[in-house]
Amino acid sequence: MATIEEQMAMADFLNICLSEFQDQYIRKSKDKFFVQTSRQGTCLFFIPDQGCRVHPVKPRTCRAWPFFRGNLMDESSFDMAREYCSGINPDISFNEFVRQGISYLEEHSLTSEMTNTPANALNISGVRGQGAEGRRLKEEGRRLKAEGRRKKAEGRRKKAEG
């Protein structure tokens, strides 16, 4: 998906006007705009052995790859992505991929909850460790870490006194 702002940034990067950019590269479906793909199914901006032609201004959805909702929710989707995407460590476990993915998406403000985007691929609600239960577990982890730090400091203090 590509917002109008993202389309304008890509058009500007390619030194063409927005309407020309949309005619050449964008497909509209209902109220969403998508970058078109080639007959082989690859993005029109992907250049083999070079990468993304518009990398500095690529859309949020592209910046989130491979941490799409499907890959974070479903281990078989993750396995397929890992098999075909050279950017995914072939030795990473599904749980570690999910942990890293959620961290990356949140750190870079790419989740749909943070920006109200309709892009489902970036909606991480319901992904392991998310939602009310996930927040409770995260808070419990923070509390236990803080308690451990306090106990460690107390032990060092007692050792210094004794």
# chains A, B, ... in the order shown; residues from 1 in each chain; ligands from 1
$ residues_around --residues "region 66-81 of chain A" --least-positions-apart "2" --cutoff "7 Å" --atoms "only C-alpha atoms" --output "JSON list (two decimals) with all heavy atoms, in the first residue's frame"
[["chain", "number", "residue", "atom", "x", "y", "z"],
["A", 64, "ALA", "N", 8.47, -2.23, 6.40],
["A", 64, "ALA", "CA", 8.14, -3.21, 7.43],
["A", 64, "ALA", "C", 8.52, -4.64, 7.04],
["A", 64, "ALA", "O", 8.62, -5.50, 7.91],
["A", 64, "ALA", "CB", 6.64, -3.14, 7.73],
["A", 83, "GLU", "N", 12.34, -19.01, 3.67],
["A", 83, "GLU", "CA", 12.89, -19.79, 2.57],
["A", 83, "GLU", "C", 13.22, -18.92, 1.35],
["A", 83, "GLU", "O", 14.22, -19.13, 0.67],
["A", 83, "GLU", "CB", 11.91, -20.89, 2.17],
["A", 83, "GLU", "CG", 12.43, -21.81, 1.08],
["A", 83, "GLU", "CD", 11.46, -22.93, 0.76],
["A", 83, "GLU", "OE1", 10.63, -23.28, 1.62],
["A", 83, "GLU", "OE2", 11.55, -23.45, -0.37],
["A", 84, "TYR", "N", 12.37, -17.91, 1.08],
["A", 84, "TYR", "CA", 12.53, -17.11, -0.13],
["A", 84, "TYR", "C", 13.16, -15.75, 0.07],
["A", 84, "TYR", "O", 13.56, -15.12, -0.90],
["A", 84, "TYR", "CB", 11.17, -16.96, -0.84],
["A", 84, "TYR", "CG", 10.68, -18.26, -1.39],
["A", 84, "TYR", "CD1", 9.71, -18.99, -0.73],
["A", 84, "TYR", "CD2", 11.24, -18.79, -2.55],
["A", 84, "TYR", "CE1", 9.28, -20.21, -1.23],
["A", 84, "TYR", "CE2", 10.81, -20.00, -3.05],
["A", 84, "TYR", "CZ", 9.83, -20.72, -2.38],
["A", 84, "TYR", "OH", 9.41, -21.92, -2.88],
["A", 85, "CYS", "N", 13.26, -15.28, 1.31],
["A", 85, "CYS", "CA", 13.82, -13.95, 1.55],
["A", 85, "CYS", "C", 15.22, -14.08, 2.12],
["A", 85, "CYS", "O", 15.40, -14.55, 3.25],
["A", 85, "CYS", "CB", 12.92, -13.17, 2.52],
["A", 85, "CYS", "SG", 13.58, -11.53, 2.93],
["A", 94, "PHE", "N", 11.05, -19.09, 14.99],
["A", 94, "PHE", "CA", 9.83, -18.32, 14.79],
["A", 94, "PHE", "C", 9.61, -17.35, 15.94],
["A", 94, "PHE", "O", 9.32, -16.17, 15.72],
["A", 94, "PHE", "CB", 8.63, -19.26, 14.63],
["A", 94, "PHE", "CG", 7.31, -18.55, 14.52],
["A", 94, "PHE", "CD1", 7.04, -17.71, 13.44],
["A", 94, "PHE", "CD2", 6.33, -18.73, 15.48],
["A", 94, "PHE", "CE1", 5.83, -17.06, 13.33],
["A", 94, "PHE", "CE2", 5.10, -18.08, 15.37],
["A", 94, "PHE", "CZ", 4.85, -17.25, 14.29],
["A", 98, "VAL", "N", 9.42, -13.28, 15.71],
["A", 98, "VAL", "CA", 8.27, -12.50, 16.19],
["A", 98, "VAL", "C", 8.75, -11.42, 17.16],
["A", 98, "VAL", "O", 8.35, -10.26, 17.05],
["A", 98, "VAL", "CB", 7.21, -13.41, 16.84],
["A", 98, "VAL", "CG1", 6.12, -12.58, 17.54],
["A", 98, "VAL", "CG2", 6.58, -14.32, 15.81],
["A", 101, "GLY", "N", 10.59, -8.81, 15.21],
["A", 101, "GLY", "CA", 9.66, -8.11, 14.33],
["A", 101, "GLY", "C", 8.83, -7.08, 15.07],
["A", 101, "GLY", "O", 8.72, -5.93, 14.63],
["A", 121, "ALA", "N", -1.37, -5.51, 6.94],
["A", 121, "ALA", "CA", -0.06, -6.15, 7.09],
["A", 121, "ALA", "C", 0.73, -5.56, 8.26],
["A", 121, "ALA", "O", 1.60, -6.22, 8.81],
["A", 121, "ALA", "CB", 0.75, -6.00, 5.80],
["A", 122, "LEU", "N", 0.42, -4.34, 8.65],
["A", 122, "LEU", "CA", 1.13, -3.67, 9.73],
["A", 122, "LEU", "C", 0.35, -3.68, 11.04],
["A", 122, "LEU", "O", 0.81, -3.12, 12.03],
["A", 122, "LEU", "CB", 1.46, -2.23, 9.33],
["A", 122, "LEU", "CG", 2.25, -2.08, 8.03],
["A", 122, "LEU", "CD1", 2.53, -0.61, 7.75],
["A", 122, "LEU", "CD2", 3.52, -2.88, 8.06],
["A", 123, "ASN", "N", -0.79, -4.31, 11.06],
["A", 123, "ASN", "CA", -1.60, -4.38, 12.27],
["A", 123, "ASN", "C", -1.11, -5.56, 13.11],
["A", 123, "ASN", "O", -1.29, -6.71, 12.73],
["A", 123, "ASN", "CB", -3.07, -4.57, 11.90],
["A", 123, "ASN", "CG", -3.97, -4.61, 13.11],
["A", 123, "ASN", "OD1", -3.52, -4.86, 14.23],
["A", 123, "ASN", "ND2", -5.24, -4.40, 12.89],
["A", 124, "ILE", "N", -0.47, -5.28, 14.24],
["A", 124, "ILE", "CA", 0.10, -6.36, 15.04],
["A", 124, "ILE", "C", -0.76, -6.73, 16.24],
["A", 124, "ILE", "O", -0.33, -7.52, 17.08],
["A", 124, "ILE", "CB", 1.54, -6.04, 15.49],
["A", 124, "ILE", "CG1", 1.60, -4.79, 16.37],
["A", 124, "ILE", "CG2", 2.47, -5.94, 14.29],
["A", 124, "ILE", "CD1", 2.93, -4.58, 17.04],
["A", 127, "VAL", "N", -0.98, -10.44, 17.62],
["A", 127, "VAL", "CA", 0.28, -11.16, 17.42],
["A", 127, "VAL", "C", 0.78, -11.56, 18.80],
["A", 127, "VAL", "O", 0.59, -10.85, 19.77],
["A", 127, "VAL", "CB", 1.32, -10.27, 16.69],
["A", 127, "VAL", "CG1", 2.69, -10.94, 16.63],
["A", 127, "VAL", "CG2", 0.83, -9.94, 15.29]]
$ residues_around --residues "region 33-43 of chain A" --least-positions-apart "3" --cutoff "10 Å" --atoms "only C-alpha atoms" --output "PyMOL selection string"
chain A and resi 1-4+7+22+24-30+46-48+52-53+59
$ write_last_selection --atoms "N, CA, C and O atoms" --output "compact mmCIF listing (two decimals), in the first residue's frame"
# COMPACT_ATOMS: atom_id res chain seq x y z
N MET A 1 0.84 -1.17 0.00
CA MET A 1 0.00 0.00 0.00
C MET A 1 0.88 1.23 0.00
O MET A 1 1.95 1.24 0.60
N ALA A 2 0.45 2.27 -0.65
CA ALA A 2 1.21 3.53 -0.71
C ALA A 2 0.24 4.70 -0.55
O ALA A 2 -0.68 4.87 -1.36
N THR A 3 0.45 5.48 0.49
CA THR A 3 -0.39 6.66 0.71
C THR A 3 -0.07 7.71 -0.36
O THR A 3 0.95 7.62 -1.05
N ILE A 4 -0.91 8.70 -0.46
CA ILE A 4 -0.67 9.80 -1.40
C ILE A 4 0.67 10.48 -1.07
O ILE A 4 1.45 10.80 -1.98
N GLN A 7 3.39 8.33 -2.33
CA GLN A 7 3.43 8.40 -3.79
C GLN A 7 4.12 9.69 -4.25
O GLN A 7 4.93 9.68 -5.18
N GLN A 22 1.54 7.80 -10.91
CA GLN A 22 0.39 6.93 -10.68
C GLN A 22 0.03 6.10 -11.90
O GLN A 22 -0.29 4.92 -11.78
N GLN A 24 2.05 5.04 -14.21
CA GLN A 24 3.07 4.03 -14.47
C GLN A 24 3.20 2.98 -13.37
O GLN A 24 3.51 1.82 -13.66
N TYR A 25 3.00 3.38 -12.11
CA TYR A 25 3.40 2.51 -11.01
C TYR A 25 2.31 2.13 -10.01
O TYR A 25 2.53 1.26 -9.18
N ILE A 26 1.15 2.78 -10.06
CA ILE A 26 0.16 2.58 -9.01
C ILE A 26 -1.09 1.88 -9.54
O ILE A 26 -1.56 2.15 -10.65
N ARG A 27 -1.61 0.98 -8.72
CA ARG A 27 -2.88 0.31 -8.99
C ARG A 27 -3.81 0.67 -7.83
O ARG A 27 -3.42 0.59 -6.68
N LYS A 28 -5.02 1.08 -8.15
CA LYS A 28 -5.98 1.43 -7.11
C LYS A 28 -7.01 0.31 -6.97
O LYS A 28 -7.51 -0.21 -7.96
N SER A 29 -7.26 -0.06 -5.73
CA SER A 29 -8.28 -1.06 -5.44
C SER A 29 -9.13 -0.52 -4.30
O SER A 29 -8.64 -0.32 -3.18
N LYS A 30 -10.39 -0.25 -4.61
CA LYS A 30 -11.30 0.41 -3.66
C LYS A 30 -10.68 1.73 -3.23
O LYS A 30 -10.41 2.58 -4.06
N PHE A 46 11.74 -3.14 -7.82
CA PHE A 46 12.80 -4.07 -7.45
C PHE A 46 13.69 -4.35 -8.66
O PHE A 46 13.22 -4.74 -9.72
N ILE A 47 14.98 -4.14 -8.46
CA ILE A 47 15.97 -4.41 -9.51
C ILE A 47 16.85 -5.55 -9.02
O ILE A 47 17.53 -5.41 -7.99
N PRO A 48 16.83 -6.71 -9.71
CA PRO A 48 17.63 -7.85 -9.26
C PRO A 48 19.11 -7.46 -9.06
O PRO A 48 19.67 -6.69 -9.83
N CYS A 52 15.87 -2.12 -4.15
CA CYS A 52 14.77 -1.21 -4.39
C CYS A 52 15.24 0.09 -5.04
O CYS A 52 16.10 0.78 -4.52
N ARG A 53 14.62 0.42 -6.15
CA ARG A 53 14.96 1.63 -6.90
C ARG A 53 14.58 2.91 -6.15
O ARG A 53 15.18 3.96 -6.37
N PRO A 59 7.58 3.11 0.64
CA PRO A 59 6.43 3.19 1.55
C PRO A 59 6.66 2.44 2.86
O PRO A 59 7.47 1.53 2.94
$ select_by_dssp --residues "region 3-158 of chain A" --states "alpha helix (DSSP H)" --output "PyMOL selection string"
chain A and resi 4-13+18-25+60-64+69-73+75-84+94-107+112-115+131-158
$ atom_distance --atom1 "CA of Glu107 (chain A)" --atom2 "CA of Asn89 (chain A)"
19.9 Å
$ closest_residue --among "A:Glu6, A:Arg157, A:Gly87, A:Phe21" --to "Gly51 (chain A)" --atoms "only C-alpha atoms"
A:Gly87
$ select_by_dssp --residues "region 35-118 of chain A" --states "strand (DSSP E)" --output "PyMOL selection string"
chain A and resi 35+46-47+51-52
$ decode --residues "region 31-51 of chain A" --atoms "N, CA and C atoms" --output "compact mmCIF listing (two decimals), in the first residue's frame"
# COMPACT_ATOMS: atom_id res chain seq x y z
N ASP A 31 -10.41 1.90 -1.95
CA ASP A 31 -9.87 3.18 -1.47
C ASP A 31 -8.37 3.11 -1.18
N LYS A 32 -7.70 2.05 -1.64
CA LYS A 32 -6.27 1.87 -1.37
C LYS A 32 -5.46 1.93 -2.65
N PHE A 33 -4.25 2.42 -2.52
CA PHE A 33 -3.32 2.49 -3.64
C PHE A 33 -2.18 1.51 -3.40
N PHE A 34 -1.83 0.75 -4.43
CA PHE A 34 -0.77 -0.25 -4.32
C PHE A 34 0.25 -0.04 -5.43
N VAL A 35 1.52 -0.29 -5.12
CA VAL A 35 2.55 -0.28 -6.15
C VAL A 35 2.32 -1.52 -7.00
N GLN A 36 2.33 -1.35 -8.31
CA GLN A 36 2.10 -2.46 -9.21
C GLN A 36 3.25 -3.46 -9.16
N THR A 37 2.95 -4.67 -9.60
CA THR A 37 3.97 -5.71 -9.68
C THR A 37 4.17 -6.12 -11.13
N SER A 38 5.30 -6.74 -11.39
CA SER A 38 5.60 -7.23 -12.74
C SER A 38 4.81 -8.52 -12.99
N ARG A 39 4.91 -9.05 -14.17
CA ARG A 39 4.24 -10.32 -14.49
C ARG A 39 4.77 -11.46 -13.63
N GLN A 40 6.01 -11.33 -13.17
CA GLN A 40 6.62 -12.34 -12.32
C GLN A 40 6.21 -12.17 -10.85
N GLY A 41 5.47 -11.09 -10.56
CA GLY A 41 4.98 -10.86 -9.21
C GLY A 41 5.90 -10.02 -8.33
N THR A 42 6.98 -9.51 -8.89
CA THR A 42 7.88 -8.67 -8.10
C THR A 42 7.49 -7.20 -8.24
N CYS A 43 7.84 -6.44 -7.25
CA CYS A 43 7.57 -5.00 -7.27
C CYS A 43 8.25 -4.36 -8.47
N LEU A 44 7.57 -3.39 -9.10
CA LEU A 44 8.16 -2.71 -10.26
C LEU A 44 9.43 -1.95 -9.91
N PHE A 45 9.62 -1.65 -8.62
CA PHE A 45 10.82 -0.92 -8.21
C PHE A 45 11.98 -1.84 -7.83
N PHE A 46 11.74 -3.14 -7.82
CA PHE A 46 12.80 -4.07 -7.45
C PHE A 46 13.69 -4.35 -8.66
N ILE A 47 14.98 -4.14 -8.46
CA ILE A 47 15.97 -4.41 -9.51
C ILE A 47 16.85 -5.55 -9.02
N PRO A 48 16.83 -6.71 -9.71
CA PRO A 48 17.63 -7.85 -9.26
C PRO A 48 19.11 -7.46 -9.06
N ASP A 49 19.69 -7.99 -8.02
CA ASP A 49 21.09 -7.75 -7.64
C ASP A 49 21.38 -6.31 -7.24
N GLN A 50 20.35 -5.45 -7.18
CA GLN A 50 20.55 -4.07 -6.76
C GLN A 50 19.60 -3.68 -5.62
N GLY A 51 18.39 -4.19 -5.67
CA GLY A 51 17.41 -3.87 -4.64
C GLY A 51 16.37 -2.88 -5.10
